file input.cif (mmCIF, C-alpha atoms)
data_run
loop_
_atom_site.label_atom_id
_atom_site.label_comp_id
_atom_site.auth_asym_id
_atom_site.auth_seq_id
_atom_site.Cartn_x
_atom_site.Cartn_y
_atom_site.Cartn_z
CA MET K 1 5.21 -27.99 -43.32
CA LYS K 2 7.79 -25.20 -43.45
CA LYS K 3 5.01 -22.74 -44.38
CA ILE K 4 2.91 -23.85 -41.41
CA VAL K 5 5.80 -23.38 -38.99
CA ILE K 6 6.49 -19.87 -40.34
CA ILE K 7 2.81 -18.93 -40.01
CA LEU K 8 2.69 -20.26 -36.43
CA VAL K 9 5.82 -18.31 -35.44
CA LEU K 10 4.40 -15.09 -36.95
CA ILE K 11 1.09 -15.55 -35.11
CA ALA K 12 2.93 -16.20 -31.83
CA MET K 13 5.00 -13.02 -32.30
CA VAL K 14 1.90 -10.92 -32.99
CA SER K 15 0.09 -12.35 -29.95
CA ILE K 16 2.96 -11.75 -27.59
CA SER K 17 3.55 -8.18 -28.80
CA MET K 18 -0.17 -7.40 -28.41
CA THR K 19 -0.21 -8.48 -24.78
CA ALA K 20 3.01 -6.62 -24.02
CA CYS K 21 1.63 -3.45 -25.61
CA GLY K 22 -1.37 -3.71 -23.30
CA LYS K 23 0.80 -2.40 -20.48
CA GLU K 24 1.97 0.69 -22.33
CA GLU K 25 -1.14 2.72 -21.78
CA HIS K 26 -0.79 2.82 -18.01
CA THR K 27 2.81 3.94 -17.97
CA ALA K 28 2.86 6.10 -21.11
CA ASN K 29 1.93 9.25 -19.24
CA TYR K 30 5.31 9.50 -17.62
CA LYS K 31 7.23 9.79 -20.85
CA GLU K 32 5.05 12.71 -21.97
CA GLY K 33 6.40 14.82 -19.14
CA HIS K 34 3.35 15.27 -16.94
CA SER K 35 3.58 17.07 -13.64
CA ALA K 36 3.17 15.69 -10.10
CA ASN K 37 3.11 11.95 -9.84
CA TYR K 38 0.20 11.17 -7.54
CA ASP K 39 1.12 7.51 -7.77
CA ASN K 40 3.70 8.21 -5.03
CA ALA K 41 1.00 8.94 -2.46
CA LEU K 42 -1.29 6.71 -0.40
CA LEU K 43 -4.46 8.72 0.03
CA ALA K 44 -6.05 8.96 3.45
CA THR K 45 -9.57 9.28 1.97
CA HIS K 46 -11.13 8.43 -1.36
CA TYR K 47 -14.02 10.75 -2.24
CA ASN K 48 -16.71 9.05 -4.27
CA ALA K 49 -19.16 11.92 -4.61
CA LEU K 50 -19.31 15.70 -4.70
CA GLU K 51 -21.43 15.50 -1.53
CA GLU K 52 -18.52 13.85 0.29
CA LEU K 53 -16.07 16.54 -0.82
CA ALA K 54 -18.58 19.19 0.23
CA TYR K 55 -18.91 17.54 3.65
CA ASP K 56 -15.21 17.62 4.42
CA ALA K 57 -14.54 21.05 2.92
CA GLU K 58 -14.67 23.88 5.41
CA LEU K 59 -14.19 26.31 2.53
CA ILE K 60 -15.20 26.06 -1.13
CA ILE K 61 -13.93 28.87 -3.32
CA GLU K 62 -13.29 30.07 -6.79
CA ALA K 63 -9.68 31.15 -6.70
CA GLU K 64 -6.73 32.31 -8.76
CA LEU K 65 -3.16 31.31 -8.12
CA THR K 66 -1.12 34.51 -7.70
CA GLY K 67 2.11 32.84 -8.79
CA LYS K 68 3.78 33.27 -5.40
CA SER K 69 4.91 30.27 -3.41
CA LYS K 70 7.64 29.20 -1.03
CA GLU K 71 9.03 25.90 0.21
CA ILE K 72 9.21 24.84 3.83
CA PRO K 73 11.54 22.01 4.85
CA PHE K 74 10.01 19.77 7.52
CA ARG K 75 11.88 16.78 8.87
CA SER K 76 12.87 14.62 5.89
CA THR K 77 10.57 16.25 3.37
CA ARG K 78 9.57 19.59 1.89
CA TYR K 79 6.25 21.36 1.84
CA LYS K 80 5.06 24.19 -0.35
CA LEU K 81 2.91 27.19 0.53
CA THR K 82 1.07 28.53 -2.52
CA GLU K 83 -0.74 31.83 -2.49
CA VAL K 84 -4.24 32.06 -3.96
CA ASN K 85 -6.56 34.99 -4.37
CA VAL K 86 -10.14 34.22 -3.32
CA ASN K 87 -12.57 35.45 -5.98
CA LYS K 88 -15.74 33.84 -4.69
CA VAL K 89 -16.79 31.94 -1.58
CA MET K 90 -19.37 29.17 -2.06
CA LYS K 91 -19.06 27.69 1.40
CA GLY K 92 -17.33 29.04 4.46
CA ASN K 93 -16.14 32.44 5.61
CA ILE K 94 -17.42 34.95 3.05
CA GLU K 95 -15.09 37.58 4.48
CA LEU K 96 -12.27 35.78 2.74
CA LYS K 97 -13.50 37.08 -0.62
CA SER K 98 -10.88 39.26 -2.31
CA ASN K 99 -8.34 38.11 0.23
CA VAL K 100 -5.25 36.02 -0.23
CA ILE K 101 -4.92 32.68 1.52
CA GLN K 102 -2.14 30.10 1.63
CA LEU K 103 -2.45 26.52 0.41
CA LEU K 104 -0.16 23.95 2.01
CA GLU K 105 0.97 20.93 -0.04
CA ILE K 106 3.68 18.29 -0.03
CA ALA K 107 6.18 19.86 -2.44
CA SER K 108 6.65 16.76 -4.60
CA LEU K 109 2.88 16.44 -4.96
CA SER K 110 2.03 20.09 -5.41
CA MET K 111 -0.39 21.31 -8.02
CA ASP K 112 0.59 22.59 -11.43
CA PRO K 113 0.30 26.38 -11.86
CA HIS K 114 -3.04 26.48 -13.68
CA LYS K 115 -4.43 29.85 -12.68
CA ASN K 116 -8.20 29.54 -12.27
CA ASN K 117 -9.67 26.90 -10.02
CA ILE K 118 -12.57 25.86 -7.87
CA LEU K 119 -11.11 24.47 -4.67
CA PHE K 120 -12.54 22.39 -1.86
CA LEU K 121 -10.40 23.26 1.15
CA ASP K 122 -10.00 22.44 4.79
CA LYS K 123 -8.13 24.41 7.42
CA TYR K 124 -4.76 22.77 7.97
CA GLU K 125 -4.15 21.27 11.40
CA GLY K 126 -0.61 20.28 12.09
CA PRO K 127 2.94 21.31 12.84
CA VAL K 128 4.10 22.46 9.40
CA ALA K 129 2.37 25.82 9.01
CA ASN K 130 -0.02 28.18 10.71
CA ASP K 131 -3.00 29.75 8.98
CA ALA K 132 -2.98 27.61 5.85
CA TYR K 133 -5.51 25.50 3.98
CA VAL K 134 -5.17 22.12 2.30
CA VAL K 135 -6.99 20.78 -0.73
CA VAL K 136 -9.44 18.13 0.44
CA GLY K 137 -8.21 14.72 -0.64
CA LEU K 138 -4.76 15.99 -1.62
CA TYR K 139 -5.83 16.82 -5.22
CA GLN K 140 -9.35 15.38 -5.37
CA GLY K 141 -10.88 18.71 -4.42
CA ARG K 142 -9.16 20.73 -7.14
CA PHE K 143 -11.11 21.56 -10.30
CA LYS K 144 -9.47 23.74 -12.92
CA ILE K 145 -11.43 26.28 -14.93
CA ASN K 146 -10.19 26.52 -18.49
CA ASP K 147 -10.26 29.49 -20.87
CA ASP K 148 -13.72 28.47 -22.06
CA ASN K 149 -14.95 28.68 -18.48
CA LEU K 150 -15.42 24.92 -18.31
CA VAL K 151 -14.50 22.55 -15.49
CA VAL K 152 -11.46 20.34 -15.97
CA TYR K 153 -10.32 17.55 -13.65
CA ASP K 154 -7.08 15.98 -14.85
CA ALA K 155 -5.44 14.48 -11.75
CA ASP K 156 -5.92 11.05 -13.32
CA LYS K 157 -3.46 12.06 -16.05
CA ASN K 158 -0.88 12.23 -13.27
CA ASN K 159 -2.00 8.86 -11.92
CA GLY K 160 -4.39 10.32 -9.40
CA VAL K 161 -7.81 8.81 -8.75
CA LYS K 162 -10.97 9.83 -10.55
CA HIS K 163 -14.01 8.40 -8.82
CA PHE K 164 -16.89 10.73 -9.66
CA GLN K 165 -15.11 13.75 -11.15
CA ALA K 166 -15.82 12.73 -14.75
CA SER K 167 -19.47 13.62 -14.14
CA VAL K 168 -18.62 17.29 -13.61
CA GLU K 169 -15.97 17.65 -16.31
CA GLY K 170 -16.98 19.96 -19.11
CA LEU K 171 -19.65 21.73 -17.06
CA ASP K 172 -19.66 25.49 -17.24
CA THR K 173 -18.83 27.16 -13.92
CA ARG K 174 -22.38 28.32 -13.28
CA THR K 175 -23.80 24.81 -13.59
CA PHE K 176 -20.96 23.41 -11.50
CA GLU K 177 -21.61 25.97 -8.77
CA GLN K 178 -25.28 25.00 -8.73
CA GLN K 179 -24.26 21.38 -8.31
CA ILE K 180 -21.90 22.39 -5.53
CA GLN K 181 -24.71 24.19 -3.71
CA GLU K 182 -26.86 21.09 -4.00
CA ALA K 183 -23.99 18.97 -2.77
CA ILE K 184 -23.56 21.25 0.24
CA LYS K 185 -27.24 20.81 1.12
CA ASN K 186 -26.93 17.04 0.78
CA ALA K 187 -23.41 16.73 2.16
CA ARG K 188 -22.51 13.38 3.66
CA PRO K 189 -19.30 12.00 5.13
CA PRO K 190 -17.01 9.89 2.96
CA LYS K 191 -16.87 6.18 3.66
CA PRO K 192 -14.67 5.43 6.64
CA ASN K 193 -11.17 4.34 5.70
CA LEU K 194 -11.09 1.43 8.10
CA PRO K 195 -12.95 -1.87 8.06
CA GLN K 196 -16.05 -1.55 10.21
CA LEU K 197 -15.42 -4.03 12.99
CA SER K 198 -17.43 -4.87 16.05
CA GLU K 199 -15.85 -4.18 19.44
CA ALA K 200 -14.90 -7.83 19.79
CA GLU K 201 -13.41 -7.95 16.31
CA GLN K 202 -11.47 -4.74 16.93
CA LYS K 203 -10.09 -6.16 20.16
CA LEU K 204 -9.01 -9.32 18.36
CA ALA K 205 -7.36 -7.25 15.60
CA GLU K 206 -5.44 -5.25 18.23
CA GLU K 207 -4.31 -8.44 19.97
CA GLU K 208 -3.17 -10.01 16.71
CA SER K 209 -1.37 -6.83 15.78
CA HIS K 210 0.37 -6.69 19.13
CA LYS K 211 1.60 -10.26 18.62
CA ILE K 212 3.06 -9.18 15.27
CA TYR K 213 4.77 -6.25 16.99
CA LEU K 214 6.29 -8.54 19.63
CA GLU K 215 7.52 -10.95 16.94
CA ASP K 216 9.09 -8.05 15.05
CA ARG K 217 10.80 -6.76 18.21
CA LYS K 218 12.11 -10.23 19.03
CA ARG K 219 13.52 -10.68 15.57
CA ILE K 220 15.17 -7.26 15.55
CA GLU K 221 16.72 -7.86 18.96
CA GLU K 222 18.04 -11.26 17.88
CA GLU K 223 19.61 -9.70 14.80
CA GLU K 224 21.21 -6.98 16.90
CA LYS K 225 22.56 -9.58 19.30
CA GLN K 226 24.00 -11.62 16.44
CA LYS K 227 25.64 -8.50 15.09
CA GLU K 228 27.16 -7.69 18.46
CA ASN K 229 28.51 -11.22 18.80
CA SER K 230 30.06 -11.21 15.35
CA ASN K 231 31.77 -7.85 16.10
CA LYS K 232 33.42 -9.22 19.25
CA MET Z 1 -6.44 -39.33 -49.55
CA LYS Z 2 -4.89 -35.99 -50.48
CA LYS Z 3 -8.06 -34.10 -49.39
CA THR Z 4 -8.16 -35.93 -46.03
CA GLY Z 5 -4.46 -35.17 -45.51
CA LYS Z 6 -5.01 -31.45 -46.25
CA THR Z 7 -8.03 -31.35 -43.93
CA LYS Z 8 -6.06 -32.93 -41.12
CA THR Z 9 -3.28 -30.42 -41.63
CA ARG Z 10 -5.76 -27.52 -41.51
CA ILE Z 11 -7.30 -28.87 -38.33
CA LYS Z 12 -3.85 -29.17 -36.75
CA LEU Z 13 -2.98 -25.65 -37.87
CA PHE Z 14 -6.23 -24.25 -36.46
CA ALA Z 15 -5.68 -26.08 -33.15
CA ALA Z 16 -2.13 -24.74 -32.96
CA ILE Z 17 -3.31 -21.14 -33.57
CA VAL Z 18 -5.98 -21.45 -30.87
CA GLY Z 19 -3.38 -22.95 -28.56
CA ILE Z 20 -1.00 -20.05 -29.13
CA PHE Z 21 -3.69 -17.48 -28.42
CA VAL Z 22 -4.78 -19.27 -25.27
CA ALA Z 23 -1.20 -19.69 -24.09
CA THR Z 24 -0.50 -16.02 -24.75
CA ALA Z 25 -3.68 -15.00 -22.97
CA ILE Z 26 -2.58 -16.77 -19.83
CA SER Z 27 1.09 -15.92 -20.24
CA PRO Z 28 3.01 -14.04 -17.56
CA PHE Z 29 2.55 -10.82 -19.55
CA LYS Z 30 -1.19 -10.91 -18.86
CA LEU Z 31 -1.03 -12.44 -15.38
CA ALA Z 32 1.47 -9.91 -14.08
CA ALA Z 33 -0.55 -7.13 -12.53
CA TYR Z 34 2.34 -5.27 -10.93
CA GLU Z 35 2.87 -1.78 -12.29
CA TYR Z 36 6.06 0.12 -12.82
CA TYR Z 37 6.90 3.73 -13.47
CA GLY Z 38 8.01 4.61 -16.99
CA TRP Z 39 7.72 2.66 -20.22
CA TRP Z 40 7.06 -1.08 -20.06
CA ASN Z 41 10.33 -1.84 -21.81
CA ASP Z 42 12.38 0.74 -19.87
CA PRO Z 43 10.84 1.05 -16.41
CA LEU Z 44 12.20 3.51 -13.87
CA LYS Z 45 13.76 2.19 -10.69
CA LEU Z 46 16.35 2.56 -7.95
CA LYS Z 47 19.40 3.16 -10.16
CA THR Z 48 21.84 1.62 -7.72
CA GLY Z 49 19.90 -1.63 -7.54
CA ILE Z 50 18.46 -3.51 -4.61
CA THR Z 51 21.58 -5.22 -3.29
CA SER Z 52 23.73 -2.21 -2.53
CA GLY Z 53 23.55 0.84 -0.33
CA SER Z 54 21.68 0.92 2.95
CA TYR Z 55 18.59 2.34 4.59
CA THR Z 56 18.27 4.67 7.55
CA ILE Z 57 15.40 5.24 9.92
CA PHE Z 58 14.76 8.82 10.98
CA ALA Z 59 11.66 7.84 12.97
CA THR Z 60 11.62 6.57 16.55
CA ASP Z 61 9.62 4.16 18.66
CA GLY Z 62 7.41 5.86 21.20
CA LEU Z 63 5.95 8.81 19.25
CA GLN Z 64 2.86 9.95 21.12
CA TYR Z 65 0.05 11.37 19.04
CA GLY Z 66 -3.73 11.26 19.18
CA GLY Z 67 -3.78 9.12 22.29
CA LYS Z 68 -1.64 6.47 20.63
CA THR Z 69 1.98 5.40 20.91
CA PHE Z 70 3.52 4.72 17.52
CA MET Z 71 6.41 2.27 17.06
CA PHE Z 72 7.54 3.66 13.75
CA ALA Z 73 11.18 2.56 13.99
CA THR Z 74 10.22 -1.08 14.56
CA ALA Z 75 7.57 -0.85 11.84
CA TRP Z 76 10.03 0.49 9.26
CA LYS Z 77 12.74 -2.03 10.14
CA SER Z 78 10.30 -4.88 9.94
CA ALA Z 79 8.84 -3.50 6.71
CA MET Z 80 12.25 -3.47 5.03
CA GLY Z 81 12.79 -6.95 6.44
CA GLU Z 82 9.68 -8.13 4.61
CA TRP Z 83 11.05 -7.00 1.25
CA ASN Z 84 14.57 -8.26 1.98
CA ASP Z 85 13.25 -11.67 3.02
CA LYS Z 86 10.71 -12.19 0.28
CA THR Z 87 12.38 -10.67 -2.78
CA GLU Z 88 15.89 -10.44 -4.21
CA ALA Z 89 16.34 -7.17 -2.36
CA ALA Z 90 19.15 -7.10 0.22
CA ILE Z 91 19.41 -3.54 1.49
CA PRO Z 92 20.86 -3.56 5.02
CA TYR Z 93 20.32 -1.14 7.86
CA HIS Z 94 22.83 1.71 7.77
CA GLY Z 95 23.46 1.39 11.51
CA ASP Z 96 24.82 -2.11 10.94
CA VAL Z 97 26.93 -1.70 7.81
CA GLY Z 98 27.36 2.01 7.06
CA GLY Z 99 27.56 2.55 3.34
CA VAL Z 100 25.66 4.96 1.15
CA GLU Z 101 22.15 5.80 2.33
CA ARG Z 102 19.68 4.96 -0.44
CA ILE Z 103 16.39 4.94 1.44
CA ARG Z 104 15.48 7.14 4.37
CA MET Z 105 12.38 6.19 6.35
CA ASP Z 106 10.52 8.69 8.46
CA GLY Z 107 7.33 8.64 10.48
CA TYR Z 108 5.84 11.61 12.29
CA ASN Z 109 2.73 13.68 12.68
CA HIS Z 110 2.57 15.81 9.55
CA GLY Z 111 -0.93 17.01 10.24
CA MET Z 112 -3.74 17.07 7.74
CA ASN Z 113 -1.78 16.69 4.49
CA GLY Z 114 -4.17 14.21 2.88
CA VAL Z 115 -1.99 11.09 2.86
CA HIS Z 116 -1.15 8.10 5.01
CA GLY Z 117 2.26 7.97 3.37
CA TRP Z 118 4.26 9.09 0.36
CA VAL Z 119 7.73 8.94 -1.17
CA ASP Z 120 10.04 11.65 -2.48
CA MET Z 121 12.46 10.30 -5.06
CA TYR Z 122 15.74 12.01 -5.90
CA SER Z 123 18.27 11.69 -8.68
CA GLY Z 124 21.29 13.44 -7.24
CA PRO Z 125 19.95 16.65 -5.75
CA LYS Z 126 16.98 16.73 -8.12
CA LEU Z 127 13.53 15.76 -6.87
CA VAL Z 128 12.23 13.26 -9.43
CA GLY Z 129 8.50 13.60 -10.08
CA HIS Z 130 8.37 17.14 -8.80
CA ARG Z 131 5.74 19.29 -10.44
CA GLN Z 132 8.10 20.86 -12.91
CA GLN Z 133 10.22 17.78 -13.34
CA ALA Z 134 8.21 14.80 -14.47
CA PRO Z 135 9.54 11.38 -13.40
CA THR Z 136 11.40 10.62 -16.58
CA GLU Z 137 14.42 9.19 -14.86
CA SER Z 138 15.30 6.65 -12.24
CA TRP Z 139 16.36 7.64 -8.76
CA ASP Z 140 19.26 6.98 -6.44
CA TYR Z 141 17.76 8.17 -3.17
CA VAL Z 142 14.28 7.95 -1.71
CA VAL Z 143 12.65 9.41 1.36
CA ALA Z 144 9.66 7.36 2.48
CA ASN Z 145 7.24 9.01 4.89
CA ILE Z 146 4.30 7.87 6.97
CA ASN Z 147 1.95 10.32 8.64
CA ALA Z 148 0.73 9.62 12.17
CA TYR Z 149 -2.11 12.15 11.79
CA TYR Z 150 -4.28 9.67 9.86
CA LEU Z 151 -3.08 6.52 11.62
CA THR Z 152 -4.50 6.95 15.11
CA ASN Z 153 -7.15 4.30 14.41
CA HIS Z 154 -4.72 1.90 12.77
CA THR Z 155 -3.15 -1.07 14.48
CA TYR Z 156 0.61 -1.64 14.40
CA ALA Z 157 0.14 -4.23 11.63
CA GLN Z 158 -1.85 -1.71 9.58
CA TYR Z 159 0.62 1.16 9.77
CA ARG Z 160 3.43 -1.30 9.21
CA GLY Z 161 1.47 -2.16 6.06
CA VAL Z 162 1.65 1.50 5.04
CA ALA Z 163 5.42 1.37 5.57
CA ILE Z 164 5.70 -1.77 3.44
CA HIS Z 165 3.63 -0.08 0.71
CA GLU Z 166 5.90 2.99 0.68
CA ILE Z 167 9.04 0.86 0.46
CA GLY Z 168 7.39 -0.86 -2.51
CA HIS Z 169 7.35 2.55 -4.23
CA ALA Z 170 10.98 3.14 -3.26
CA LEU Z 171 11.89 -0.14 -4.96
CA GLY Z 172 10.02 0.83 -8.12
CA LEU Z 173 6.48 -0.51 -7.79
CA ALA Z 174 3.65 1.82 -8.76
CA HIS Z 175 0.05 1.46 -7.60
CA GLU Z 176 -1.81 -1.70 -8.49
CA GLN Z 177 -5.42 -1.16 -9.45
CA ASP Z 178 -6.74 -4.22 -11.20
CA GLY Z 179 -7.73 -6.15 -8.10
CA THR Z 180 -4.84 -8.61 -8.07
CA PRO Z 181 -3.83 -9.32 -4.46
CA SER Z 182 -1.20 -6.69 -3.83
CA ILE Z 183 0.08 -4.46 -1.08
CA MET Z 184 0.45 -1.79 -3.77
CA ASN Z 185 -3.31 -1.55 -4.24
CA ASP Z 186 -4.30 2.03 -3.51
CA LEU Z 187 -7.96 2.04 -4.48
CA LEU Z 188 -8.75 0.69 -1.05
CA ASN Z 189 -7.16 2.27 1.94
CA ILE Z 190 -4.36 0.14 3.34
CA PRO Z 191 -6.23 -1.36 6.32
CA ASN Z 192 -8.78 -2.83 3.93
CA THR Z 193 -6.25 -4.61 1.79
CA TYR Z 194 -3.14 -6.72 2.14
CA LEU Z 195 -0.65 -5.87 4.85
CA VAL Z 196 2.43 -7.75 3.59
CA PRO Z 197 3.97 -8.14 0.11
CA GLN Z 198 1.92 -10.50 -2.03
CA GLN Z 199 3.24 -12.79 -4.74
CA ASP Z 200 2.55 -10.23 -7.46
CA ASP Z 201 4.52 -7.60 -5.54
CA ILE Z 202 7.41 -10.02 -5.08
CA ASN Z 203 7.39 -10.85 -8.78
CA GLY Z 204 7.30 -7.14 -9.59
CA VAL Z 205 10.45 -6.35 -7.62
CA ASN Z 206 12.35 -9.42 -8.78
CA ASN Z 207 11.44 -8.81 -12.39
CA LEU Z 208 12.54 -5.18 -12.29
CA TYR Z 209 16.16 -5.77 -11.30
#

call {"tool": "encode", "arguments": {"input": "input.cif", "output": "structure tokens"}}
result
Amino acid sequence: MKKIVIILVLIAMVSISMTACGKEEHTANYKEGHSANYDNALLATHYNALEELAYDAELIIEAELTGKSKEIPFRSTRYKLTEVNVNKVMKGNIELKSNVIQLLEIASLSMDPHKNNILFLDKYEGPVANDAYVVVGLYQGRFKINDDNLVVYDADKNNGVKHFQASVEGLDTRTFEQQIQEAIKNARPPKPNLPQLSEAEQKLAEEESHKIYLEDRKRIEEEEKQKENSNK
Amino acid sequence: MKKTGKTKTRIKLFAAIVGIFVATAISPFKLAAYEYYGWWNDPLKLKTGITSGSYTIFATDGLQYGGKTFMFATAWKSAMGEWNDKTEAAIPYHGDVGGVERIRMDGYNHGMNGVHGWVDMYSGPKLVGHRQQAPTESWDYVVANINAYYLTNHTYAQYRGVAIHEIGHALGLAHEQDGTPSIMNDLLNIPNTYLVPQQDDINGVNNLY
């Protein structure tokens, strides 16, 4: 009987430790000292195909980071302008070849300094900087080129998404460029980031949302009133 | 008799082993889908806890952008209210109690930066999770941002959902990707998923502190 109890306890301990260890894999990356933590960001668009990246990219280039960058404070956060040298233009203004352009990023989510890259870029619109580009999809449009001239996509190691990028990893740059040209020809927009509602459904959603707003305002005002009364 | 007794014991032992495996398979370890930052046995979090300090709102109600009027201040206040009401968190508004600011909430048009929202976490003056400084430590100050540029087609409830999601990060929840009902799910964009903290999110915060 004693033997049976000991065996059961040992089996229970092994089972529990196995299930607990199942969670290690997801969080282990952090301890190894990886770079930007893309888990802190809620992406505006998920790109599920090269054709979607190609659609939203105004400029697709082969580029080298020059090593120069500067930070720009903006309201409660910081942005970073990173200089890149354009070596080749695959889509967009070919006059940018051999010129330097600026990439704008949220500083805490900025790319690591790997030198050679193929970048899917869009012209930045907004109040933070003039004459800058952004990587399409925050990091989804950045493909590193390693010393063997092969494509590397490793944003997932920093908890970024990886929807289709595995299919281009390991390609040599020439093959990847061919695929990019095909993707440009067959470019299509990414899936919309909102549920596709009919006009009536959208109207209902707006009305429901407005009710929630009014309830929130009422609650906040009641709390403020209570606070005022308790201060008197 | 002896053989029958031994057989019965073996059957009982086998049943007990199966029972342990089944119980472990459906134990809270497996059911919990919430994700943290850091190691499972030493997760990273708001160092000062969730019952001290205060939050400030740098955003305002009435921001006009893209033909829409954003009520970011109300959204943020309500978003923090959701976490304070549903979890063990009790972080009050700085305007009411003063105290040390632990979470700053901002909402503005940041332009085409690729995100609906994001958080910057600090430990002292150091930006935790910055490119050259991997998030290997907990934080004592967080700036949570939402970006009006991508929210012009969102309802109030939807961008309030973004605010709730970002506060989830500030409190220590990472993205949830296994399909469990969660406001921390990031594989779908926020309007397509849950707009208030779900039970798994609540368990995640309560379990962390």

call {"tool": "residues_around", "arguments": {"input": "input.cif", "residues": "Thr180 in chain Z", "least_positions_apart": "4", "cutoff": "9 Å", "atoms": "only C-alpha atoms", "output": "PyMOL selection string"}}
result
chain Z and resi 32-34+176+185+200

call {"tool": "resolve_selection", "arguments": {"input": "input.cif", "expression": "the PyMOL selection byres ((chain K and resi 101) around 10)", "output": "NGL selection string"}}
result
:K and (63 or 65 or 81-86 or 96-100 or 102-104 or 131-133)

call {"tool": "residues_around", "arguments": {"input": "input.cif", "residues": "His94 in chain Z", "least_positions_apart": "6", "cutoff": "10 Å", "atoms": "all atoms listed in the file", "output": "mmCIF file with C-alpha atoms, in the frame of the given file"}}
result
data_model
loop_
_atom_site.group_PDB
_atom_site.id
_atom_site.type_symbol
_atom_site.label_atom_id
_atom_site.label_comp_id
_atom_site.auth_asym_id
_atom_site.auth_seq_id
_atom_site.Cartn_x
_atom_site.Cartn_y
_atom_site.Cartn_z
ATOM 1 C CA GLY Z 53 23.550 0.840 -0.330
ATOM 2 C CA SER Z 54 21.680 0.920 2.950
ATOM 3 C CA TYR Z 55 18.590 2.340 4.590
ATOM 4 C CA THR Z 56 18.270 4.670 7.550
ATOM 5 C CA ILE Z 57 15.400 5.240 9.920
ATOM 6 C CA VAL Z 100 25.660 4.960 1.150
ATOM 7 C CA GLU Z 101 22.150 5.800 2.330
ATOM 8 C CA ARG Z 102 19.680 4.960 -0.440
ATOM 9 C CA ILE Z 103 16.390 4.940 1.440
ATOM 10 C CA ARG Z 104 15.480 7.140 4.370
#

call {"tool": "closest_residue", "arguments": {"input": "input.cif", "among": "Z:Tyr150, Z:Met80, Z:Ala75, Z:Tyr156", "to": "Asn113 in chain Z", "atoms": "all atoms listed in the file"}}
result
Z:Tyr150

call {"tool": "residues_around", "arguments": {"input": "input.cif", "residues": "Met71 in chain Z", "least_positions_apart": "5", "cutoff": "10 Å", "atoms": "only C-alpha atoms", "output": "list in words"}}
result
Tyr213 of chain K; Ala59, Thr60, Asp61, Gly62, Leu63, Gln64, Trp76, Gly107, Tyr156, Tyr159 and Arg160 of chain Z

call {"tool": "resolve_selection", "arguments": {"input": "input.cif", "expression": "the PyMOL selection byres ((chain Z and resi 163) around 10)", "output": "list in words"}}
result
Phe72, Ala75, Trp76, Lys77, Ser78, Ala79, Met80, Met105, Asp106, Gly107, His116, Gly117, Trp118, Ala144, Asn145, Ile146, Ala157, Gln158, Tyr159, Arg160, Gly161, Val162, Ile164, His165, Glu166, Ile167, Gly168, Leu195 and Val196 of chain Z

call {"tool": "closest_residue", "arguments": {"input": "input.cif", "among": "K:Tyr55, K:Phe74, K:Phe143, K:Phe164", "to": "chain Z", "atoms": "all atoms listed in the file"}}
result
K:Phe74

call {"tool": "closest_residue", "arguments": {"input": "input.cif", "among": "K:Leu50, K:Ala183, K:Leu197, K:Ile60", "to": "chain Z", "atoms": "all atoms listed in the file"}}
result
K:Leu197
